[in-house]
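Structure first, commentary second.
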Amino acid sequence: MWSGEAGPGVQKAMEIVVALGQIYGAAELVPVASVQVSGVSYKNLGDAGLEFLEEWASQGAWARVPATLNPAGMDMVAWHKLGFRQEFAQRQKAVIAAYVSLGIVPTCTCTPYLIGYEPRLGEHLAWAESSAVSYANSILGARTNREGGPSALAAAITGRTARYGLHLDVNRQATAIIDVRCAVTSEADLGALGYLVGQRIKNGVPCFSNRGTVDWEHRTVGNWGLKTLGAAMAASGAVALYHVEGVTPEAKAEGVLAPGAQTLVVDSLTPAYDELNGPSGAVDLVSLGCPHASLGEIEAIADYLDGQRVKAALWITTARATRDAADEAGLLSRIEASGGRVVPDTCMVVAPVSDLGYRTLATNSAKMAFYAPSHSGLSVRFGPMEQCLEAARTGEWPQLRLVHHESRST
Ligand code: F3S
């Protein structure tokens, strides 16, 4: 591959993998079991990115391992109905076509692990989407660095990545213990917690103590809460791996702490809610499903709505395969009867949302609340699913939670 015998597209991919290995002092390459590629929305790629992909595809490169795609900038089928412009749609379709001609499966989701691409414990990967990287490393015990779009694609084409960073045992030990002393009772609270921890830890490895106030076995935490927590830490910081003492696979035994790990106490979530909430009272768009919703989340939303009509636009973003499963389970028709939509392939951060005329977004995801103002020009309201669905029903942000986030006296 390095010498060019496999063609110029493969040679270019190997040069990228080797260059990264040299920069980070890797001794060798390691085969990867799967790849997840980011850099899919035409909104972020632009024409330069599209040309780069088309040129690479024209050089005969092809993915050697299962490789999936991050969300695109629109629903790839119903884009017209949702108000996306024809010109944008054409370019977005060209981006997907270029990836398909490189052998990447156009899953267009940030939660491939929910639709059959679930890595196994100890497998080496090259994943790019930061929330998926966090989930794969932390909850599934696989091993991946936080790849960029081109480096993930290069790993797909070569089937290898450089062995450095989180591929090595020594870098997977926790650099800080997180002692949570305030109430954490919803997925939004977990996102707020992740937002604060990410700000403080940056690219370190936190280990949440199991003796604090979070009930890690509670159903709110479950996979839904854990993906939300990881997504928030990856957004406000660059956390790619976290542990929960006695819960996540690598924190079930002793020895997860690095020597000299410091303790960080979180005794209030209020600073996160204050920083992530804008002042707007009116809400014209409610977005749930960041990271992309599981079937269980979609069911919880359908149950909560229970036939009530929404006044604001309600988009639940998910993988197309999960949307199909929701359709089969009768959940789609229940949500659509309320006026909501289950939108596959995209999300409010990577879609050109301001073109669609929306101004104020309500979300239960701290990651989305963090990115939406800068990436999509939206004013944001952030709170748990129930509060967001009330906003969808009335078009106003309800003041439901006033006492929730302060420290419990212990
Ligand atoms: Fe996924 Fe978009 Fe959130 S890519 S993690 S739904 S910002």
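As shown in the structure tokens, the chain order sets the letters A, B, ...; within each chain, residues go from 1, and ligands are also counted from 1 in the order they appear.
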
Please list as a compact mmCIF listing (two decimals) with N, CA and C atoms, in the first residue's frame every residue within 12 Å of Pro31 in chain A, counting only C-alpha atoms and excluding residues in the same chain fewer than 2 positions away.
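The file below, result.txt, is the result:
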# COMPACT_ATOMS: atom_id res chain seq x y z
N VAL A 17 -2.14 7.66 7.21
CA VAL A 17 -2.07 6.83 8.43
C VAL A 17 -0.64 6.85 8.99
N GLU A 28 3.92 1.18 15.63
CA GLU A 28 3.40 0.26 14.62
C GLU A 28 1.97 0.64 14.26
N LEU A 29 1.45 -0.05 13.25
CA LEU A 29 0.04 0.10 12.90
C LEU A 29 -0.74 -1.04 13.54
N ALA A 33 -11.25 -2.93 13.34
CA ALA A 33 -12.43 -3.77 13.07
C ALA A 33 -13.50 -2.98 12.33
N SER A 34 -13.57 -1.67 12.57
CA SER A 34 -14.54 -0.85 11.85
C SER A 34 -14.10 0.60 11.87
N VAL A 35 -14.76 1.38 11.00
CA VAL A 35 -14.44 2.81 10.88
C VAL A 35 -15.76 3.58 10.85
N ARG A 64 -11.70 -1.35 3.18
CA ARG A 64 -11.40 -2.77 3.42
C ARG A 64 -12.12 -3.33 4.62
N VAL A 65 -12.68 -2.46 5.48
CA VAL A 65 -13.37 -2.91 6.70
C VAL A 65 -14.74 -2.23 6.73
N GLU A 123 -11.76 -4.29 20.84
CA GLU A 123 -11.50 -4.13 19.41
C GLU A 123 -10.89 -2.75 19.13
N HIS A 124 -9.98 -2.71 18.19
CA HIS A 124 -9.42 -1.43 17.75
C HIS A 124 -10.27 -0.87 16.61
N LEU A 125 -10.55 0.43 16.67
CA LEU A 125 -11.41 1.08 15.68
C LEU A 125 -10.76 2.38 15.24
N ALA A 126 -11.32 2.97 14.19
CA ALA A 126 -10.96 4.36 13.83
C ALA A 126 -12.27 5.08 13.60
N ARG A 143 -11.49 0.43 21.37
CA ARG A 143 -10.36 1.36 21.47
C ARG A 143 -10.24 2.22 20.22
N THR A 144 -10.53 3.49 20.37
CA THR A 144 -10.36 4.39 19.23
C THR A 144 -9.94 5.77 19.68
N ALA A 155 -8.11 5.25 7.30
CA ALA A 155 -8.11 3.98 8.04
C ALA A 155 -9.06 2.97 7.40
N ALA A 156 -10.18 3.46 6.87
CA ALA A 156 -11.12 2.54 6.19
C ALA A 156 -10.46 1.94 4.96
N ILE A 157 -9.73 2.77 4.23
CA ILE A 157 -9.14 2.31 2.95
C ILE A 157 -7.95 1.37 3.19
N THR A 158 -7.21 1.61 4.26
CA THR A 158 -6.05 0.75 4.55
C THR A 158 -6.40 -0.39 5.51
N GLY A 159 -7.51 -0.23 6.25
CA GLY A 159 -7.87 -1.23 7.27
C GLY A 159 -6.99 -1.15 8.50
N ARG A 160 -6.28 -0.06 8.65
CA ARG A 160 -5.33 0.07 9.76
C ARG A 160 -5.32 1.50 10.31
N THR A 161 -4.85 1.60 11.56
CA THR A 161 -4.59 2.92 12.12
C THR A 161 -3.28 2.84 12.90
N ALA A 162 -2.73 4.00 13.24
CA ALA A 162 -1.48 3.98 14.02
C ALA A 162 -1.80 3.70 15.48
N ARG A 163 -0.96 2.87 16.10
CA ARG A 163 -1.21 2.49 17.50
C ARG A 163 -0.61 3.54 18.44
N HIS A 167 -5.34 3.64 21.93
CA HIS A 167 -5.09 2.23 21.58
C HIS A 167 -4.16 1.58 22.60

(message) What's around Glu187 in chain A at 8 Å? Count only C-alpha atoms, leave out sequence neighbours fewer than 3 positions away in its own chain, and write the answer as a count of residues only.
(response) 12

(request) Could you please extract the residues within 9 Å of ligand 1, counting only C-alpha atoms and all ligand atoms, and hand them back as a ChimeraX atom specification? (result) /A:38,70-72,108-111,129-132,227-228,231-232,288-293,317-318,346-351,365,367-369,371-372

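Minimum atom-to-atom distance to Pro106 in chain A, evaluated using only C-alpha atoms, belongs to A:Val37 out of A:Leu193, A:Val170, A:Val37, A:Ala48.
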
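With distances restricted to only C-alpha atoms, A:Ala192 is the closest residue to Asp274 in chain A from A:Ile298, A:Ala192, A:Ala235, A:Val247.
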
(request) One decimal, Å: what's the distance from CA of Tyr42 in chain A over to CA of Gly73 in chain A, could you say? (result)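 Computing the Euclidean distance for CA of Tyr42 in chain A and CA of Gly73 in chain A yields 6.2 Å.
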
(request) Please report, as a PyMOL selection string, each residue of range 219-350 of chain A to which DSSP assigns helix (DSSP H, G or I) when run on this structure's backbone. (result) chain A and resi 221-236+249-251+270-276+295-305+320-328+331-337

Could you write those residues out with C-alpha atoms, as an mmCIF file, in the first residue's frame?
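Result went into out.cif, see below:
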data_model
loop_
_atom_site.group_PDB
_atom_site.id
_atom_site.type_symbol
_atom_site.label_atom_id
_atom_site.label_comp_id
_atom_site.auth_asym_id
_atom_site.auth_seq_id
_atom_site.Cartn_x
_atom_site.Cartn_y
_atom_site.Cartn_z
ATOM 1 C CA VAL A 221 -29.078 6.833 33.054
ATOM 2 C CA GLY A 222 -29.210 3.667 30.891
ATOM 3 C CA ASN A 223 -27.749 3.910 27.414
ATOM 4 C CA TRP A 224 -29.699 7.074 26.672
ATOM 5 C CA GLY A 225 -28.157 9.024 29.540
ATOM 6 C CA LEU A 226 -24.683 7.629 29.004
ATOM 7 C CA LYS A 227 -24.556 8.666 25.349
ATOM 8 C CA THR A 228 -25.792 12.121 26.321
ATOM 9 C CA LEU A 229 -23.187 12.426 29.081
ATOM 10 C CA GLY A 230 -20.351 11.363 26.774
ATOM 11 C CA ALA A 231 -21.516 13.632 23.943
ATOM 12 C CA ALA A 232 -21.514 16.660 26.264
ATOM 13 C CA MET A 233 -18.014 15.951 27.632
ATOM 14 C CA ALA A 234 -16.710 15.546 24.082
ATOM 15 C CA ALA A 235 -18.288 18.876 23.075
ATOM 16 C CA SER A 236 -17.292 21.213 25.920
ATOM 17 C CA PRO A 249 -16.231 -2.355 31.339
ATOM 18 C CA GLU A 250 -12.756 -1.094 32.162
ATOM 19 C CA ALA A 251 -13.779 0.251 35.581
ATOM 20 C CA THR A 270 -26.824 25.391 37.708
ATOM 21 C CA PRO A 271 -23.767 26.916 35.953
ATOM 22 C CA ALA A 272 -24.332 24.557 32.999
ATOM 23 C CA TYR A 273 -28.028 25.392 32.718
ATOM 24 C CA ASP A 274 -27.201 29.105 33.004
ATOM 25 C CA GLU A 275 -24.555 28.946 30.288
ATOM 26 C CA LEU A 276 -26.520 26.758 27.878
ATOM 27 C CA LEU A 295 -36.140 3.215 19.633
ATOM 28 C CA GLY A 296 -36.705 3.499 23.406
ATOM 29 C CA GLU A 297 -36.343 7.288 23.278
ATOM 30 C CA ILE A 298 -38.794 7.523 20.371
ATOM 31 C CA GLU A 299 -41.264 5.409 22.320
ATOM 32 C CA ALA A 300 -40.910 7.643 25.402
ATOM 33 C CA ILE A 301 -41.650 10.697 23.240
ATOM 34 C CA ALA A 302 -44.723 9.049 21.644
ATOM 35 C CA ASP A 303 -45.981 8.065 25.102
ATOM 36 C CA TYR A 304 -45.508 11.569 26.469
ATOM 37 C CA LEU A 305 -47.270 13.231 23.526
ATOM 38 C CA ARG A 320 -32.951 5.697 9.116
ATOM 39 C CA ALA A 321 -32.880 2.082 10.357
ATOM 40 C CA THR A 322 -34.221 3.225 13.749
ATOM 41 C CA ARG A 323 -36.904 5.284 12.022
ATOM 42 C CA ASP A 324 -37.952 2.201 10.045
ATOM 43 C CA ALA A 325 -38.132 0.199 13.279
ATOM 44 C CA ALA A 326 -40.250 2.983 14.847
ATOM 45 C CA ASP A 327 -42.540 2.837 11.843
ATOM 46 C CA GLU A 328 -42.990 -0.908 12.242
ATOM 47 C CA LEU A 331 -44.545 4.894 16.889
ATOM 48 C CA LEU A 332 -44.080 7.009 13.773
ATOM 49 C CA SER A 333 -47.788 7.360 13.112
ATOM 50 C CA ARG A 334 -48.408 8.300 16.761
ATOM 51 C CA ILE A 335 -45.765 11.060 16.623
ATOM 52 C CA GLU A 336 -46.934 12.297 13.222
ATOM 53 C CA ALA A 337 -50.544 12.399 14.492
#

(request) Once DSSP has gone over the backbone, tell me which residues of range 286-321 of chain A are in strand (DSSP E or B), as a ChimeraX atom specification. (result) /A:286-293,313-318

Include all heavy atoms and write out the residues we just selected as an mmCIF file, in the first residue's frame.
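Below is the file that was written, selection_18.cif:
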data_model
loop_
_atom_site.group_PDB
_atom_site.id
_atom_site.type_symbol
_atom_site.label_atom_id
_atom_site.label_comp_id
_atom_site.auth_asym_id
_atom_site.auth_seq_id
_atom_site.Cartn_x
_atom_site.Cartn_y
_atom_site.Cartn_z
ATOM 1 N N VAL A 286 -38.276 22.341 18.209
ATOM 2 C CA VAL A 286 -37.824 21.475 19.296
ATOM 3 C C VAL A 286 -37.087 20.300 18.659
ATOM 4 O O VAL A 286 -37.616 19.654 17.748
ATOM 5 C CB VAL A 286 -39.014 20.981 20.146
ATOM 6 C CG1 VAL A 286 -38.547 19.970 21.180
ATOM 7 C CG2 VAL A 286 -39.693 22.168 20.806
ATOM 8 N N SER A 287 -35.867 20.060 19.127
ATOM 9 C CA SER A 287 -35.069 18.980 18.553
ATOM 10 C C SER A 287 -34.681 17.987 19.647
ATOM 11 O O SER A 287 -34.009 18.349 20.613
ATOM 12 C CB SER A 287 -33.814 19.565 17.909
ATOM 13 O OG SER A 287 -32.911 18.522 17.623
ATOM 14 N N LEU A 288 -35.114 16.757 19.495
ATOM 15 C CA LEU A 288 -34.717 15.672 20.394
ATOM 16 C C LEU A 288 -33.976 14.644 19.536
ATOM 17 O O LEU A 288 -34.198 14.561 18.332
ATOM 18 C CB LEU A 288 -35.949 15.047 21.048
ATOM 19 C CG LEU A 288 -36.869 16.021 21.807
ATOM 20 C CD1 LEU A 288 -38.147 15.316 22.265
ATOM 21 C CD2 LEU A 288 -36.150 16.623 23.007
ATOM 22 N N GLY A 289 -33.109 13.857 20.181
ATOM 23 C CA GLY A 289 -32.378 12.856 19.400
ATOM 24 C C GLY A 289 -30.981 13.323 19.052
ATOM 25 O O GLY A 289 -30.552 13.256 17.908
ATOM 26 N N CYS A 290 -30.250 13.800 20.056
ATOM 27 C CA CYS A 290 -28.835 14.150 19.892
ATOM 28 C C CYS A 290 -28.085 13.592 21.083
ATOM 29 O O CYS A 290 -28.345 14.037 22.193
ATOM 30 C CB CYS A 290 -28.609 15.651 19.811
ATOM 31 S SG CYS A 290 -26.870 16.142 19.974
ATOM 32 N N PRO A 291 -27.213 12.614 20.911
ATOM 33 C CA PRO A 291 -26.976 11.821 19.713
ATOM 34 C C PRO A 291 -28.264 11.128 19.229
ATOM 35 O O PRO A 291 -29.201 10.977 19.994
ATOM 36 C CB PRO A 291 -25.932 10.794 20.167
ATOM 37 C CG PRO A 291 -25.246 11.437 21.339
ATOM 38 C CD PRO A 291 -26.289 12.259 22.008
ATOM 39 N N HIS A 292 -28.249 10.685 17.980
ATOM 40 C CA HIS A 292 -29.435 10.119 17.333
ATOM 41 C C HIS A 292 -30.207 9.170 18.260
ATOM 42 O O HIS A 292 -29.618 8.307 18.923
ATOM 43 C CB HIS A 292 -29.018 9.376 16.059
ATOM 44 C CG HIS A 292 -28.962 10.257 14.857
ATOM 45 N ND1 HIS A 292 -28.563 9.817 13.623
ATOM 46 C CD2 HIS A 292 -29.317 11.566 14.692
ATOM 47 C CE1 HIS A 292 -28.654 10.819 12.750
ATOM 48 N NE2 HIS A 292 -29.088 11.887 13.380
ATOM 49 N N ALA A 293 -31.535 9.351 18.245
ATOM 50 C CA ALA A 293 -32.409 8.662 19.201
ATOM 51 C C ALA A 293 -32.434 7.152 18.996
ATOM 52 O O ALA A 293 -32.376 6.655 17.871
ATOM 53 C CB ALA A 293 -33.822 9.204 19.068
ATOM 54 N N ALA A 313 -42.448 23.383 15.646
ATOM 55 C CA ALA A 313 -41.940 22.225 14.887
ATOM 56 C C ALA A 313 -41.230 21.281 15.860
ATOM 57 O O ALA A 313 -40.507 21.733 16.747
ATOM 58 C CB ALA A 313 -40.967 22.698 13.815
ATOM 59 N N LEU A 314 -41.475 19.992 15.732
ATOM 60 C CA LEU A 314 -40.815 18.994 16.577
ATOM 61 C C LEU A 314 -40.096 18.004 15.675
ATOM 62 O O LEU A 314 -40.734 17.304 14.887
ATOM 63 C CB LEU A 314 -41.854 18.259 17.437
ATOM 64 C CG LEU A 314 -41.357 17.001 18.167
ATOM 65 C CD1 LEU A 314 -40.255 17.341 19.171
ATOM 66 C CD2 LEU A 314 -42.518 16.293 18.875
ATOM 67 N N TRP A 315 -38.761 17.976 15.766
ATOM 68 C CA TRP A 315 -37.938 17.040 14.973
ATOM 69 C C TRP A 315 -37.228 16.094 15.932
ATOM 70 O O TRP A 315 -36.474 16.542 16.799
ATOM 71 C CB TRP A 315 -36.876 17.794 14.154
ATOM 72 C CG TRP A 315 -37.370 18.543 12.974
ATOM 73 C CD1 TRP A 315 -38.616 19.097 12.801
ATOM 74 C CD2 TRP A 315 -36.620 18.854 11.788
ATOM 75 N NE1 TRP A 315 -38.673 19.739 11.580
ATOM 76 C CE2 TRP A 315 -37.472 19.602 10.936
ATOM 77 C CE3 TRP A 315 -35.323 18.585 11.367
ATOM 78 C CZ2 TRP A 315 -37.060 20.073 9.688
ATOM 79 C CZ3 TRP A 315 -34.895 19.052 10.130
ATOM 80 C CH2 TRP A 315 -35.769 19.791 9.296
ATOM 81 N N ILE A 316 -37.459 14.812 15.720
ATOM 82 C CA ILE A 316 -36.727 13.801 16.488
ATOM 83 C C ILE A 316 -35.743 13.181 15.506
ATOM 84 O O ILE A 316 -36.160 12.523 14.542
ATOM 85 C CB ILE A 316 -37.697 12.743 17.049
ATOM 86 C CG1 ILE A 316 -38.736 13.437 17.940
ATOM 87 C CG2 ILE A 316 -36.941 11.667 17.808
ATOM 88 C CD1 ILE A 316 -40.101 12.834 17.832
ATOM 89 N N THR A 317 -34.464 13.427 15.711
ATOM 90 C CA THR A 317 -33.475 12.969 14.730
ATOM 91 C C THR A 317 -32.931 11.596 15.130
ATOM 92 O O THR A 317 -32.705 11.311 16.305
ATOM 93 C CB THR A 317 -32.329 13.991 14.545
ATOM 94 O OG1 THR A 317 -31.838 14.374 15.820
ATOM 95 C CG2 THR A 317 -32.813 15.218 13.811
ATOM 96 N N THR A 318 -32.751 10.762 14.117
ATOM 97 C CA THR A 318 -32.370 9.366 14.370
ATOM 98 C C THR A 318 -31.751 8.758 13.114
ATOM 99 O O THR A 318 -31.706 9.398 12.057
ATOM 100 C CB THR A 318 -33.619 8.569 14.813
ATOM 101 O OG1 THR A 318 -33.215 7.293 15.300
ATOM 102 C CG2 THR A 318 -34.615 8.363 13.676
#

(message) Using only C-alpha atoms, can you tell me which of A:Ala19, A:Ala128, A:Met1, A:Ala366 comes closest to Ala61 in chain A?
(response)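 Result for the nearest residue to Ala61 in chain A: A:Met1.
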
(request) Using only C-alpha atoms, pick whichever of A:Thr107, A:Thr394, A:Gln262, A:Ser41 has the shortest atom-to-atom distance to Pro344 in chain A. (result)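 For Pro344 in chain A, the nearest of the given residues is A:Thr107.
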
(request) Might you pull out every residue within 6 Å of Gln173 in chain A, with only C-alpha atoms counted and same-chain residues fewer than 2 positions away left off, and present them as a list in words? (result) Asn171, Val256, Leu257 and Ala258 of chain A

(message) I'd like the contact shell of Arg200 in chain A - 10 Å cut-off, only C-alpha atoms, skipping same-chain residues fewer than 3 positions apart - returned as JSON, numbers by chain.
(response) {"A": [194, 195, 196, 197, 203, 204, 233, 236, 237, 264]}

(request) Determine, counting only C-alpha atoms, which protein, DNA and RNA residues have an atom within 9 Å of an atom of Ala97 in chain A; residues of the same chain fewer than 4 positions away are not included. Present the result as a list of chain:residue names. (result) A:Glu54, A:Gln92, A:Lys93, A:Ser101, A:Leu102, A:Pro106

(message) So, with only C-alpha atoms as the atoms that count, which of A:Pro150, A:Asp189, A:Tyr242, A:Ala142 lies closest to Leu168 in chain A?
(response)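 Of all the options, A:Ala142 lies closest to Leu168 in chain A.
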
(request) Name the residues in contact with range 209-212 of chain A at a cut-off of 12 Å, using only C-alpha atoms, excluding same-chain residues fewer than 2 positions from it; report them as number ranges by chain. (result) A: 174, 176-184, 206-207, 214-217, 242-248, 251-252, 256-257, 263-267, 407-410

(message) Using only C-alpha atoms, which protein or nucleic acid residues come within 9 Å of Gly25 in chain A? Drop anything in the same chain fewer than 3 positions from it, and give the result as a ChimeraX atom specification.
(response) /A:20-22,163-164

Can I get the selection written as a tab-separated table (two decimals), in the first residue's frame, with N, CA, C and O atoms?
chain	number	residue	atom	x	y	z
A	20	LEU	N	0.37	10.29	10.54
A	20	LEU	CA	-0.18	10.47	11.89
A	20	LEU	C	0.59	9.66	12.91
A	20	LEU	O	0.88	10.11	14.02
A	21	GLY	N	0.96	8.44	12.52
A	21	GLY	CA	1.74	7.59	13.41
A	21	GLY	C	3.08	8.24	13.75
A	21	GLY	O	3.54	8.19	14.89
A	22	GLN	N	3.69	8.86	12.74
A	22	GLN	CA	4.99	9.52	12.99
A	22	GLN	C	4.82	10.72	13.92
A	22	GLN	O	5.59	10.92	14.84
A	163	ARG	N	-0.96	2.87	16.10
A	163	ARG	CA	-1.21	2.49	17.50
A	163	ARG	C	-0.61	3.54	18.44
A	163	ARG	O	0.57	3.48	18.77
A	164	TYR	N	-1.43	4.49	18.82
A	164	TYR	CA	-1.02	5.51	19.80
A	164	TYR	C	-2.27	5.92	20.58
A	164	TYR	O	-3.37	5.41	20.32

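Here CA of Tyr135 in chain A and CA of Ala152 in chain A stand 16.8 Å from one another.
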
(request) Kindly indicate which residue among A:Leu241, A:Leu285, A:Cys388, A:Ala27 lies nearest to Ser354 in chain A, using only C-alpha atoms for the distances. (result)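 Nearest candidate to Ser354 in chain A out of A:Leu241, A:Leu285, A:Cys388, A:Ala27: A:Leu285.
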